[in-house]
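Structure file my_file.cif with mmCIF, C-alpha atoms:
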```cif
data_protein
#
loop_
_atom_site.group_PDB
_atom_site.id
_atom_site.type_symbol
_atom_site.label_atom_id
_atom_site.label_comp_id
_atom_site.auth_asym_id
_atom_site.auth_seq_id
_atom_site.Cartn_x
_atom_site.Cartn_y
_atom_site.Cartn_z
ATOM 1 C CA MET B 1 53.662 26.931 -77.011
ATOM 2 C CA GLU B 2 54.922 26.224 -73.527
ATOM 3 C CA LEU B 3 54.379 22.677 -72.359
ATOM 4 C CA ARG B 4 53.706 22.764 -68.609
ATOM 5 C CA LEU B 5 55.487 19.638 -67.499
ATOM 6 C CA GLU B 6 54.073 19.562 -63.979
ATOM 7 C CA SER B 7 50.516 20.502 -64.848
ATOM 8 C CA PRO B 8 47.773 18.164 -63.614
ATOM 9 C CA ALA B 9 46.433 17.966 -67.167
ATOM 10 C CA LEU B 10 49.728 16.640 -68.471
ATOM 11 C CA LEU B 11 50.048 14.132 -65.655
ATOM 12 C CA GLU B 12 46.509 12.957 -66.350
ATOM 13 C CA ALA B 13 47.332 12.686 -70.050
ATOM 14 C CA MET B 14 50.343 10.513 -69.232
ATOM 15 C CA HIS B 15 48.175 8.295 -67.090
ATOM 16 C CA GLN B 16 45.590 7.937 -69.861
ATOM 17 C CA ALA B 17 48.291 7.184 -72.406
ATOM 18 C CA GLU B 18 49.713 4.517 -70.134
ATOM 19 C CA GLN B 19 46.316 2.874 -69.831
ATOM 20 C CA PHE B 20 45.683 3.023 -73.559
ATOM 21 C CA PHE B 21 49.020 1.609 -74.623
ATOM 22 C CA GLN B 22 48.909 -1.303 -72.163
ATOM 23 C CA ASN B 23 47.070 -3.478 -74.647
ATOM 24 C CA GLN B 24 48.330 -2.075 -77.909
ATOM 25 C CA ARG B 25 50.836 -3.141 -80.486
ATOM 26 C CA VAL B 26 51.997 0.020 -82.194
ATOM 27 C CA VAL B 27 53.887 0.777 -85.366
ATOM 28 C CA ALA B 28 55.011 4.370 -85.870
ATOM 29 C CA CYS B 29 55.934 5.803 -89.253
ATOM 30 C CA MET B 30 57.144 9.388 -89.411
ATOM 31 C CA GLY B 31 59.367 11.568 -91.536
ATOM 32 C CA ASP B 32 60.654 13.699 -88.655
ATOM 33 C CA ARG B 33 63.431 11.595 -87.131
ATOM 34 C CA PHE B 34 63.649 13.572 -83.916
ATOM 35 C CA ALA B 35 59.917 13.516 -83.150
ATOM 36 C CA PHE B 36 59.875 9.889 -84.194
ATOM 37 C CA SER B 37 62.730 8.970 -81.846
ATOM 38 C CA CYS B 38 61.130 10.835 -78.951
ATOM 39 C CA LEU B 39 57.834 9.058 -79.543
ATOM 40 C CA CYS B 40 59.495 5.670 -79.535
ATOM 41 C CA LEU B 41 61.389 6.482 -76.329
ATOM 42 C CA ALA B 42 58.411 7.902 -74.419
ATOM 43 C CA GLU B 43 57.732 5.573 -71.534
ATOM 44 C CA PRO B 44 53.992 4.919 -71.932
ATOM 45 C CA ILE B 45 54.436 4.133 -75.629
ATOM 46 C CA ARG B 46 57.832 2.456 -75.711
ATOM 47 C CA ARG B 47 56.654 -0.889 -74.360
ATOM 48 C CA SER B 48 53.884 -1.105 -76.958
ATOM 49 C CA MET B 49 56.079 -0.297 -79.914
ATOM 50 C CA VAL B 50 56.584 -3.249 -82.217
ATOM 51 C CA GLY B 51 58.113 -1.323 -85.079
ATOM 52 C CA ALA B 52 59.112 2.091 -86.316
ATOM 53 C CA ALA B 53 60.051 3.384 -89.742
ATOM 54 C CA THR B 54 60.532 6.592 -91.664
ATOM 55 C CA THR B 55 59.365 5.618 -95.171
ATOM 56 C CA GLU B 56 56.102 4.387 -96.665
ATOM 57 C CA ASP B 57 57.515 1.086 -97.898
ATOM 58 C CA GLU B 58 59.309 0.341 -94.627
ATOM 59 C CA GLY B 59 56.126 1.177 -92.743
ATOM 60 C CA LEU B 60 54.040 -1.233 -94.796
ATOM 61 C CA GLU B 61 56.611 -3.978 -94.461
ATOM 62 C CA LEU B 62 56.659 -3.505 -90.674
ATOM 63 C CA VAL B 63 52.879 -3.565 -90.459
ATOM 64 C CA LEU B 64 52.668 -6.788 -92.440
ATOM 65 C CA ARG B 65 55.400 -8.365 -90.363
ATOM 66 C CA THR B 66 54.280 -7.256 -86.894
ATOM 67 C CA GLN B 67 50.466 -7.071 -87.330
ATOM 68 C CA PRO B 68 49.985 -4.055 -85.036
ATOM 69 C CA SER B 69 46.694 -2.904 -83.523
ATOM 70 C CA LEU B 70 47.558 0.752 -84.194
ATOM 71 C CA LEU B 71 49.571 2.638 -86.790
ATOM 72 C CA ILE B 72 50.663 6.154 -85.822
ATOM 73 C CA CYS B 73 51.749 7.910 -88.965
ATOM 74 C CA SER B 74 52.586 11.402 -90.169
ATOM 75 C CA SER B 75 51.642 12.602 -93.638
ATOM 76 C CA ASP B 76 55.242 13.613 -94.342
ATOM 77 C CA LEU B 77 57.654 10.721 -94.605
ATOM 78 C CA GLU B 78 61.252 10.476 -95.745
ATOM 79 C CA SER B 79 59.935 8.817 -98.872
ATOM 80 C CA GLY B 80 56.394 8.034 -99.922
ATOM 81 C CA TYR B 81 53.300 9.590 -98.411
ATOM 82 C CA GLY B 82 51.642 8.886 -95.087
ATOM 83 C CA ILE B 83 48.113 8.819 -96.470
ATOM 84 C CA ASP B 84 49.133 6.332 -99.151
ATOM 85 C CA LEU B 85 50.549 4.163 -96.387
ATOM 86 C CA LEU B 86 47.176 4.279 -94.610
ATOM 87 C CA LYS B 87 45.435 3.097 -97.781
ATOM 88 C CA ARG B 88 47.865 0.241 -98.227
ATOM 89 C CA VAL B 89 47.623 -0.807 -94.588
ATOM 90 C CA LYS B 90 43.820 -0.669 -94.608
ATOM 91 C CA ALA B 91 43.784 -2.908 -97.679
ATOM 92 C CA LYS B 92 46.114 -5.481 -96.120
ATOM 93 C CA LEU B 93 45.256 -5.286 -92.429
ATOM 94 C CA PRO B 94 41.782 -3.779 -91.971
ATOM 95 C CA THR B 95 41.757 -4.425 -88.220
ATOM 96 C CA CYS B 96 44.646 -2.019 -87.650
ATOM 97 C CA GLN B 97 43.513 1.366 -86.353
ATOM 98 C CA LEU B 98 45.051 4.307 -88.155
ATOM 99 C CA LEU B 99 46.054 7.614 -86.569
ATOM 100 C CA ILE B 100 47.560 10.249 -88.819
ATOM 101 C CA LEU B 101 49.157 13.606 -88.106
ATOM 102 C CA LEU B 102 48.727 16.026 -90.993
ATOM 103 C CA VAL B 103 51.176 18.772 -91.836
ATOM 104 C CA ARG B 104 49.211 20.483 -94.612
ATOM 105 C CA GLU B 105 45.881 21.858 -93.453
ATOM 106 C CA THR B 106 43.846 21.773 -96.634
ATOM 107 C CA LYS B 107 40.506 20.290 -97.501
ATOM 108 C CA GLU B 108 42.105 18.000 -100.054
ATOM 109 C CA VAL B 109 44.492 16.475 -97.555
ATOM 110 C CA VAL B 110 41.773 16.062 -94.924
ATOM 111 C CA GLN B 111 39.492 14.391 -97.450
ATOM 112 C CA GLU B 112 42.305 12.152 -98.602
ATOM 113 C CA ALA B 113 42.884 11.046 -95.014
ATOM 114 C CA MET B 114 39.191 10.384 -94.495
ATOM 115 C CA GLU B 115 38.943 8.472 -97.767
ATOM 116 C CA ALA B 116 41.913 6.386 -96.640
ATOM 117 C CA PHE B 117 39.738 5.329 -93.674
ATOM 118 C CA ALA B 118 41.905 6.999 -91.054
ATOM 119 C CA ASP B 119 40.426 6.393 -87.620
ATOM 120 C CA ALA B 120 41.948 9.546 -86.165
ATOM 121 C CA VAL B 121 43.108 12.683 -87.969
ATOM 122 C CA ILE B 122 45.016 15.464 -86.221
ATOM 123 C CA PHE B 123 46.773 18.547 -87.547
ATOM 124 C CA LYS B 124 50.299 18.727 -86.217
ATOM 125 C CA SER B 125 49.779 22.393 -85.453
ATOM 126 C CA SER B 126 46.740 21.548 -83.312
ATOM 127 C CA LEU B 127 48.668 19.484 -80.789
ATOM 128 C CA GLY B 128 48.603 21.222 -77.449
ATOM 129 C CA THR B 129 45.926 23.709 -78.466
ATOM 130 C CA GLY B 130 42.944 21.689 -77.332
ATOM 131 C CA LYS B 131 41.582 21.615 -80.894
ATOM 132 C CA GLY B 132 43.116 18.325 -81.864
ATOM 133 C CA ASP B 133 44.451 16.228 -79.075
ATOM 134 C CA PHE B 134 46.563 13.094 -79.172
ATOM 135 C CA ILE B 135 45.212 11.759 -75.883
ATOM 136 C CA GLN B 136 41.609 12.424 -76.893
ATOM 137 C CA ALA B 137 42.299 10.596 -80.122
ATOM 138 C CA LEU B 138 43.661 7.604 -78.202
ATOM 139 C CA ALA B 139 40.659 7.614 -75.863
ATOM 140 C CA THR B 140 38.287 7.656 -78.827
ATOM 141 C CA LEU B 141 40.150 4.857 -80.552
ATOM 142 C CA ALA B 142 40.054 2.801 -77.360
ATOM 143 C CA GLU B 143 36.265 2.992 -77.512
ATOM 144 C CA GLY B 144 36.295 1.904 -81.138
ATOM 145 C CA GLY B 145 35.335 5.371 -82.378
ATOM 146 C CA VAL B 146 36.805 7.690 -84.986
ATOM 147 C CA TYR B 147 38.434 10.968 -84.001
ATOM 148 C CA PHE B 148 37.994 13.927 -86.334
ATOM 149 C CA PRO B 149 38.252 17.096 -84.236
ATOM 150 C CA GLU B 150 35.954 19.981 -85.077
ATOM 151 C CA GLU B 151 38.696 21.855 -86.923
ATOM 152 C CA ILE B 152 39.122 18.900 -89.279
ATOM 153 C CA ARG B 153 35.378 18.376 -89.791
ATOM 154 C CA MET B 154 34.783 22.066 -90.449
ATOM 155 C CA LEU B 155 37.518 22.215 -93.040
ATOM 156 C CA ALA B 156 36.178 19.137 -94.799
ATOM 157 C CA ALA B 157 32.628 20.503 -94.790
ATOM 158 C CA ALA B 158 33.244 24.218 -95.354
ATOM 159 C CA GLN B 159 34.614 23.906 -98.837
ATOM 160 C CA SER B 160 32.422 21.145 -100.164
ATOM 161 C CA PRO B 161 31.113 21.799 -103.664
ATOM 162 C CA PRO B 162 28.100 24.122 -103.582
ATOM 163 C CA PRO B 163 24.855 22.148 -103.847
ATOM 164 C CA HIS B 164 23.834 23.882 -107.109
ATOM 165 C CA LEU B 165 26.759 22.322 -108.990
ATOM 166 C CA PRO B 166 25.873 19.207 -110.927
ATOM 167 C CA PRO B 167 27.828 16.095 -109.999
ATOM 168 C CA LEU B 168 30.905 15.530 -112.128
ATOM 169 C CA VAL B 169 30.308 13.037 -114.914
ATOM 170 C CA GLU B 170 33.926 12.012 -114.777
ATOM 171 C CA GLU B 171 36.419 12.664 -111.977
ATOM 172 C CA LEU B 172 39.703 14.341 -112.734
ATOM 173 C CA SER B 173 42.689 12.051 -112.502
ATOM 174 C CA ASP B 174 45.371 12.857 -109.933
ATOM 175 C CA ARG B 175 47.636 14.169 -112.692
ATOM 176 C CA GLU B 176 44.898 16.324 -114.152
ATOM 177 C CA ARG B 177 44.333 17.823 -110.719
ATOM 178 C CA ASP B 178 48.048 18.521 -110.378
ATOM 179 C CA VAL B 179 48.025 20.268 -113.733
ATOM 180 C CA VAL B 180 44.874 22.272 -112.981
ATOM 181 C CA ALA B 181 46.361 23.296 -109.622
ATOM 182 C CA GLY B 182 49.340 24.606 -111.581
ATOM 183 C CA VAL B 183 47.022 26.561 -113.874
ATOM 184 C CA ALA B 184 45.339 28.106 -110.830
ATOM 185 C CA ARG B 185 48.701 29.070 -109.403
ATOM 186 C CA GLY B 186 49.356 31.165 -112.490
ATOM 187 C CA LEU B 187 51.844 28.836 -114.115
ATOM 188 C CA THR B 188 52.234 28.550 -117.862
ATOM 189 C CA ASN B 189 51.992 25.105 -119.403
ATOM 190 C CA GLN B 190 55.766 25.085 -119.779
ATOM 191 C CA ALA B 191 56.239 25.890 -116.082
ATOM 192 C CA ILE B 192 53.733 23.202 -115.113
ATOM 193 C CA ALA B 193 55.585 20.689 -117.266
ATOM 194 C CA GLU B 194 58.843 21.565 -115.550
ATOM 195 C CA SER B 195 57.354 21.462 -112.049
ATOM 196 C CA LEU B 196 55.807 18.027 -112.618
ATOM 197 C CA ALA B 197 58.691 16.687 -114.726
ATOM 198 C CA ILE B 198 56.397 15.818 -117.625
ATOM 199 C CA SER B 199 56.349 16.971 -121.237
ATOM 200 C CA LEU B 200 54.664 20.110 -122.465
ATOM 201 C CA GLU B 201 52.436 18.018 -124.738
ATOM 202 C CA THR B 202 51.304 15.932 -121.782
ATOM 203 C CA VAL B 203 50.397 19.074 -119.871
ATOM 204 C CA LYS B 204 48.391 20.344 -122.826
ATOM 205 C CA THR B 205 46.541 17.050 -123.049
ATOM 206 C CA HIS B 206 45.716 17.136 -119.330
ATOM 207 C CA VAL B 207 44.452 20.716 -119.630
ATOM 208 C CA VAL B 208 42.229 19.826 -122.577
ATOM 209 C CA ASN B 209 40.846 16.746 -120.821
ATOM 210 C CA ALA B 210 40.241 18.617 -117.580
ATOM 211 C CA LYS B 211 38.444 21.387 -119.457
ATOM 212 C CA ASP B 212 36.222 18.820 -121.114
ATOM 213 C CA LYS B 213 35.409 17.129 -117.821
ATOM 214 C CA LEU B 214 34.562 20.391 -116.067
ATOM 215 C CA GLY B 215 32.850 22.005 -119.041
ATOM 216 C CA ALA B 216 35.263 24.928 -119.012
ATOM 217 C CA ALA B 217 35.817 27.134 -122.043
ATOM 218 C CA ASP B 218 39.231 28.488 -121.097
ATOM 219 C CA ARG B 219 41.981 28.282 -118.510
ATOM 220 C CA THR B 220 40.371 30.736 -116.146
ATOM 221 C CA GLN B 221 37.046 28.910 -116.204
ATOM 222 C CA LEU B 222 38.928 25.686 -115.675
ATOM 223 C CA ALA B 223 40.553 27.033 -112.513
ATOM 224 C CA VAL B 224 37.276 28.541 -111.272
ATOM 225 C CA MET B 225 35.359 25.303 -111.803
ATOM 226 C CA ALA B 226 38.078 23.268 -110.108
ATOM 227 C CA LEU B 227 37.942 25.627 -107.121
ATOM 228 C CA LEU B 228 34.145 25.460 -107.004
ATOM 229 C CA TYR B 229 34.244 21.681 -106.974
ATOM 230 C CA GLY B 230 36.911 21.795 -104.307
ATOM 231 C CA LEU B 231 39.311 19.809 -106.477
ATOM 232 C CA ILE B 232 42.332 22.025 -105.940
ATOM 233 C CA ASP B 233 43.833 24.352 -103.394
ATOM 234 C CA PRO B 234 46.290 26.760 -105.037
ATOM 235 C CA LEU B 235 47.030 28.301 -101.642
ATOM 236 C CA GLY B 236 47.908 24.964 -100.072
ATOM 237 C CA MET Z 237 48.188 58.722 -126.567
ATOM 238 C CA GLY Z 238 49.344 56.154 -129.103
ATOM 239 C CA GLU Z 239 51.176 53.020 -128.103
ATOM 240 C CA ALA Z 240 54.917 53.293 -128.566
ATOM 241 C CA GLN Z 241 56.333 50.976 -131.162
ATOM 242 C CA GLY Z 242 58.285 48.039 -129.812
ATOM 243 C CA VAL Z 243 56.756 48.243 -126.343
ATOM 244 C CA VAL Z 244 55.771 44.763 -125.201
ATOM 245 C CA MET Z 245 52.720 44.601 -122.982
ATOM 246 C CA PRO Z 246 53.176 42.455 -119.893
ATOM 247 C CA PRO Z 247 51.186 39.237 -119.855
ATOM 248 C CA ALA Z 248 47.630 39.190 -118.597
ATOM 249 C CA TYR Z 249 46.678 37.276 -115.474
ATOM 250 C CA ASP Z 250 43.225 36.631 -114.070
ATOM 251 C CA LEU Z 251 42.996 36.979 -110.321
ATOM 252 C CA ILE Z 252 40.346 34.641 -108.919
ATOM 253 C CA LEU Z 253 38.672 36.297 -105.951
ATOM 254 C CA GLN Z 254 36.107 34.979 -103.521
ATOM 255 C CA ARG Z 255 33.618 37.653 -102.556
ATOM 256 C CA ARG Z 256 30.429 37.037 -100.612
ATOM 257 C CA GLY Z 257 30.681 33.369 -101.376
ATOM 258 C CA GLN Z 258 31.071 33.883 -105.126
ATOM 259 C CA LEU Z 259 34.164 33.456 -107.248
ATOM 260 C CA GLN Z 260 34.920 36.452 -109.450
ATOM 261 C CA THR Z 261 37.835 37.302 -111.707
ATOM 262 C CA GLU Z 262 39.786 40.448 -112.377
ATOM 263 C CA THR Z 263 42.379 40.776 -115.100
ATOM 264 C CA VAL Z 264 45.697 42.444 -114.374
ATOM 265 C CA GLN Z 265 48.827 42.870 -116.459
ATOM 266 C CA VAL Z 266 51.984 42.144 -114.564
ATOM 267 C CA SER Z 267 55.376 40.658 -115.307
ATOM 268 C CA ASP Z 268 54.818 37.140 -114.005
ATOM 269 C CA ALA Z 269 52.749 34.860 -111.766
ATOM 270 C CA ALA Z 270 54.634 35.880 -108.637
ATOM 271 C CA ALA Z 271 53.826 39.520 -109.330
ATOM 272 C CA ALA Z 272 50.183 38.610 -109.915
ATOM 273 C CA TRP Z 273 50.005 36.810 -106.574
ATOM 274 C CA ARG Z 274 51.753 39.725 -104.873
ATOM 275 C CA LEU Z 275 49.285 42.176 -106.352
ATOM 276 C CA GLY Z 276 46.337 39.965 -105.465
ATOM 277 C CA ARG Z 277 47.502 39.544 -101.888
ATOM 278 C CA GLU Z 278 48.120 43.275 -101.517
ATOM 279 C CA ARG Z 279 44.785 44.345 -102.967
ATOM 280 C CA TYR Z 280 42.606 41.468 -101.822
ATOM 281 C CA PRO Z 281 44.339 39.743 -98.930
ATOM 282 C CA GLU Z 282 41.144 38.069 -97.753
ATOM 283 C CA CYS Z 283 39.738 37.172 -101.183
ATOM 284 C CA ILE Z 284 42.481 35.894 -103.460
ATOM 285 C CA ARG Z 285 41.993 32.225 -104.284
ATOM 286 C CA GLY Z 286 43.945 31.725 -107.486
ATOM 287 C CA VAL Z 287 45.831 33.261 -110.391
ATOM 288 C CA VAL Z 288 45.608 32.170 -114.023
ATOM 289 C CA CYS Z 289 48.024 33.105 -116.779
ATOM 290 C CA ARG Z 290 46.112 34.070 -119.899
ATOM 291 C CA ASP Z 291 49.233 34.374 -122.017
ATOM 292 C CA GLY Z 292 48.517 32.979 -125.475
ATOM 293 C CA SER Z 293 51.864 31.225 -125.635
ATOM 294 C CA ALA Z 294 50.838 29.198 -122.623
ATOM 295 C CA ALA Z 295 47.456 28.281 -124.016
ATOM 296 C CA GLU Z 296 46.568 24.753 -124.920
ATOM 297 C CA PRO Z 297 45.126 23.748 -128.311
ATOM 298 C CA ASP Z 298 41.404 23.962 -128.906
ATOM 299 C CA SER Z 299 39.316 21.423 -127.073
ATOM 300 C CA ARG Z 300 38.658 18.211 -128.958
ATOM 301 C CA SER Z 301 35.363 18.006 -130.656
#
```
Could you render the structure as structure tokens?
Amino acid sequence: MELRLESPALLEAMHQAEQFFQNQRVVACMGDRFAFSCLCLAEPIRRSMVGAATTEDEGLELVLRTQPSLLICSSDLESGYGIDLLKRVKAKLPTCQLLILLVRETKEVVQEAMEAFADAVIFKSSLGTGKGDFIQALATLAEGGVYFPEEIRMLAAAQSPPPHLPPLVEELSDRERDVVAGVARGLTNQAIAESLAISLETVKTHVVNAKDKLGAADRTQLAVMALLYGLIDPLG
Amino acid sequence: MGEAQGVVMPPAYDLILQRRGQLQTETVQVSDAAAAWRLGRERYPECIRGVVCRDGSAAEPDSRS
């Protein structure tokens, strides 16, 4: 992607950003140190920045200390997870608007971000394409709206469980989903145990419990049912 | 032709394929999960959604009653 530095659109975007950030107190939390540094140095944003961090715990501590109006966060952090940070911030400071940049473009991640009450969700790869725009997100937030570009909404909707499936009696736990995702990637129980750093017996227990919850008779049915319910994304 | 003694069959994997909105499976015998994915992506680049190892040694105990 070539960024046209002198284009009218970019100059207009800078103007809009300047307007937006005039009345904001911003905390940024990102795993990419270079992008993070550039963001904090960018003139329209710099004056609004009240804190910046690269880990989930640092980010939360900064938010609690500085009480920002906006958190700009990426899903990938040096430690922790951006979406978990959103959840923690929403619980402690519900007035803070939350903008997250997602690296992985899967239904699960998008849903996670939505369930964390993100006010704006953008795929990193969408920036500059017109399909998910930072400035549009800021403009929407300024009006008190939520910004989920079409690409994000379509992904969240396209793979929803088919309507003929009965609702799950009991949700799979996060660990069970991890294990089932391993099954659907073709891993043996031993390989799953090694990849998740848990014991083989624990993996077997999770498989049995997940099969019970999804009404699956074998491993293949388990993976198929989990895919149908949109619980896993082996390709993600 | 009879099966040669001592020949070990490669493990079975189910390829999970999405066709016309339905999930279907096809069993293949390949050396490992990576080979199953490779085969699935070569044969069904638009359809492959998952791969499951059916190897008995990887199977979990019977479901609790």
CA of Arg285 (chain Z) to CA of Asp233 (chain B) measures 8.1 Å
Could you state which residues are captured by the PyMOL selection byres ((chain Z and resi 254) around 12) in this file, as a PDB file with C-alpha atoms, keeping the file's coordinate frame?
```
ATOM      1  CA  VAL B 224      37.276  28.541-111.272  1.00  0.00           C
ATOM      2  CA  LEU B 227      37.942  25.627-107.121  1.00  0.00           C
ATOM      3  CA  LEU B 228      34.145  25.460-107.004  1.00  0.00           C
TER       4      LEU B 228
ATOM      5  CA  LEU Z 251      42.996  36.979-110.321  1.00  0.00           C
ATOM      6  CA  ILE Z 252      40.346  34.641-108.919  1.00  0.00           C
ATOM      7  CA  LEU Z 253      38.672  36.297-105.951  1.00  0.00           C
ATOM      8  CA  ARG Z 255      33.618  37.653-102.556  1.00  0.00           C
ATOM      9  CA  ARG Z 256      30.429  37.037-100.612  1.00  0.00           C
ATOM     10  CA  GLY Z 257      30.681  33.369-101.376  1.00  0.00           C
ATOM     11  CA  GLN Z 258      31.071  33.883-105.126  1.00  0.00           C
ATOM     12  CA  LEU Z 259      34.164  33.456-107.248  1.00  0.00           C
ATOM     13  CA  GLN Z 260      34.920  36.452-109.450  1.00  0.00           C
ATOM     14  CA  THR Z 261      37.835  37.302-111.707  1.00  0.00           C
ATOM     15  CA  GLU Z 262      39.786  40.448-112.377  1.00  0.00           C
ATOM     16  CA  GLY Z 276      46.337  39.965-105.465  1.00  0.00           C
ATOM     17  CA  TYR Z 280      42.606  41.468-101.822  1.00  0.00           C
ATOM     18  CA  PRO Z 281      44.339  39.743 -98.930  1.00  0.00           C
ATOM     19  CA  GLU Z 282      41.144  38.069 -97.753  1.00  0.00           C
ATOM     20  CA  CYS Z 283      39.738  37.172-101.183  1.00  0.00           C
ATOM     21  CA  ILE Z 284      42.481  35.894-103.460  1.00  0.00           C
ATOM     22  CA  ARG Z 285      41.993  32.225-104.284  1.00  0.00           C
ATOM     23  CA  GLY Z 286      43.945  31.725-107.486  1.00  0.00           C
TER      24      GLY Z 286
END
```
Output check: residues returned by the PyMOL selection byres ((chain B) within 9 of (chain Z)), as number ranges by chain: B: 182-190, 201, 203-205, 207-209, 211-212, 217-220, 223-224, 227-228, 233-235
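Of the listed residues B:Ser74, B:Gln221, B:Ser7, B:Ser69, the one whose atoms come nearest to Ala35 (chain B) is B:Ser74, with distances taken using all atoms listed in the file.
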Report as a short mmCIF file (atom, residue, chain, number, x, y, z; two decimals) with C-alpha atoms, keeping the file's coordinate frame the residues that result from applying the PyMOL selection byres ((chain B and resi 89-97) around 7) to the structure here.
```cif
data_model
loop_
_atom_site.label_atom_id
_atom_site.label_comp_id
_atom_site.auth_asym_id
_atom_site.auth_seq_id
_atom_site.Cartn_x
_atom_site.Cartn_y
_atom_site.Cartn_z
CA LEU B 60 54.04 -1.23 -94.80
CA PRO B 68 49.98 -4.06 -85.04
CA SER B 69 46.69 -2.90 -83.52
CA LEU B 70 47.56 0.75 -84.19
CA LEU B 71 49.57 2.64 -86.79
CA LEU B 85 50.55 4.16 -96.39
CA LEU B 86 47.18 4.28 -94.61
CA LYS B 87 45.44 3.10 -97.78
CA ARG B 88 47.86 0.24 -98.23
CA LEU B 98 45.05 4.31 -88.16
CA LEU B 99 46.05 7.61 -86.57
CA ASP B 119 40.43 6.39 -87.62
#
```
Could you tell me how far CA of Cys29 (chain B) lies from CA of Phe117 (chain B), in Å and to one decimal? 16.8 Å
Please write as a PyMOL selection string the list of polymer residues whose atoms come within 9 Å of (35.8, 13.8, -114.8), counting all atoms listed in the file and keeping to the coordinates of the file. chain B and resi 168-173+209-210+212-214
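Taking CA of Arg279 (chain Z) and CA of Ser267 (chain Z) as endpoints, the distance between them is 16.7 Å.
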Proximity to Asp84 (chain B) - best of B:Val146, B:Ala9, B:Ala191, B:Met114, all atoms listed in the file: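 Counting all atoms listed in the file, the residue closest to Asp84 (chain B) is B:Met114.
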Using all atoms listed in the file and a cutoff of 12 Å, can you tell me which residues are near (41.2, 9.4, -83.7) in the file's coordinates, and write them out as a CSV table (one decimal) with C-alpha atoms, in the coordinates of the input?
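Written out: selection-v2.csv:
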```csv
chain,number,residue,atom,x,y,z
B,70,LEU,CA,47.6,0.8,-84.2
B,71,LEU,CA,49.6,2.6,-86.8
B,72,ILE,CA,50.7,6.2,-85.8
B,73,CYS,CA,51.7,7.9,-89.0
B,97,GLN,CA,43.5,1.4,-86.4
B,98,LEU,CA,45.1,4.3,-88.2
B,99,LEU,CA,46.1,7.6,-86.6
B,100,ILE,CA,47.6,10.2,-88.8
B,101,LEU,CA,49.2,13.6,-88.1
B,113,ALA,CA,42.9,11.0,-95.0
B,114,MET,CA,39.2,10.4,-94.5
B,117,PHE,CA,39.7,5.3,-93.7
B,118,ALA,CA,41.9,7.0,-91.1
B,119,ASP,CA,40.4,6.4,-87.6
B,120,ALA,CA,41.9,9.5,-86.2
B,121,VAL,CA,43.1,12.7,-88.0
B,122,ILE,CA,45.0,15.5,-86.2
B,123,PHE,CA,46.8,18.5,-87.5
B,132,GLY,CA,43.1,18.3,-81.9
B,133,ASP,CA,44.5,16.2,-79.1
B,134,PHE,CA,46.6,13.1,-79.2
B,135,ILE,CA,45.2,11.8,-75.9
B,136,GLN,CA,41.6,12.4,-76.9
B,137,ALA,CA,42.3,10.6,-80.1
B,138,LEU,CA,43.7,7.6,-78.2
B,139,ALA,CA,40.7,7.6,-75.9
B,140,THR,CA,38.3,7.7,-78.8
B,141,LEU,CA,40.2,4.9,-80.6
B,142,ALA,CA,40.1,2.8,-77.4
B,143,GLU,CA,36.3,3.0,-77.5
B,144,GLY,CA,36.3,1.9,-81.1
B,145,GLY,CA,35.3,5.4,-82.4
B,146,VAL,CA,36.8,7.7,-85.0
B,147,TYR,CA,38.4,11.0,-84.0
B,148,PHE,CA,38.0,13.9,-86.3
B,149,PRO,CA,38.3,17.1,-84.2
B,150,GLU,CA,36.0,20.0,-85.1
B,152,ILE,CA,39.1,18.9,-89.3
```
Just need the box for region 30-45 of chain B, edges along x, y and z, holding every atom the file lists for it with 5 Å tacked onto each side, so centre and edge lengths in Å to one decimal, as lines of an AutoDock Vina configuration file.
```
center_x = 58.8
center_y = 8.9
center_z = -81.5
size_x = 19.7
size_y = 19.6
size_z = 30.0
```
Residue among B:Thr55, B:Ser37, B:Ser195, B:Gln24 lying closest to Gln67 (chain B), counting all atoms listed in the file: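 Among B:Thr55, B:Ser37, B:Ser195, B:Gln24, it is B:Gln24 that comes nearest to Gln67 (chain B).
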Residues at most 9 Å from Thr66 (chain B), counting all atoms listed in the file, excluding those fewer than 3 positions away in the same chain, as a list in words?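 Close residues of Thr66 (chain B): Arg25, Val26, Val27, Val50, Gly51, Glu61, Leu62 and Val63 of chain B.
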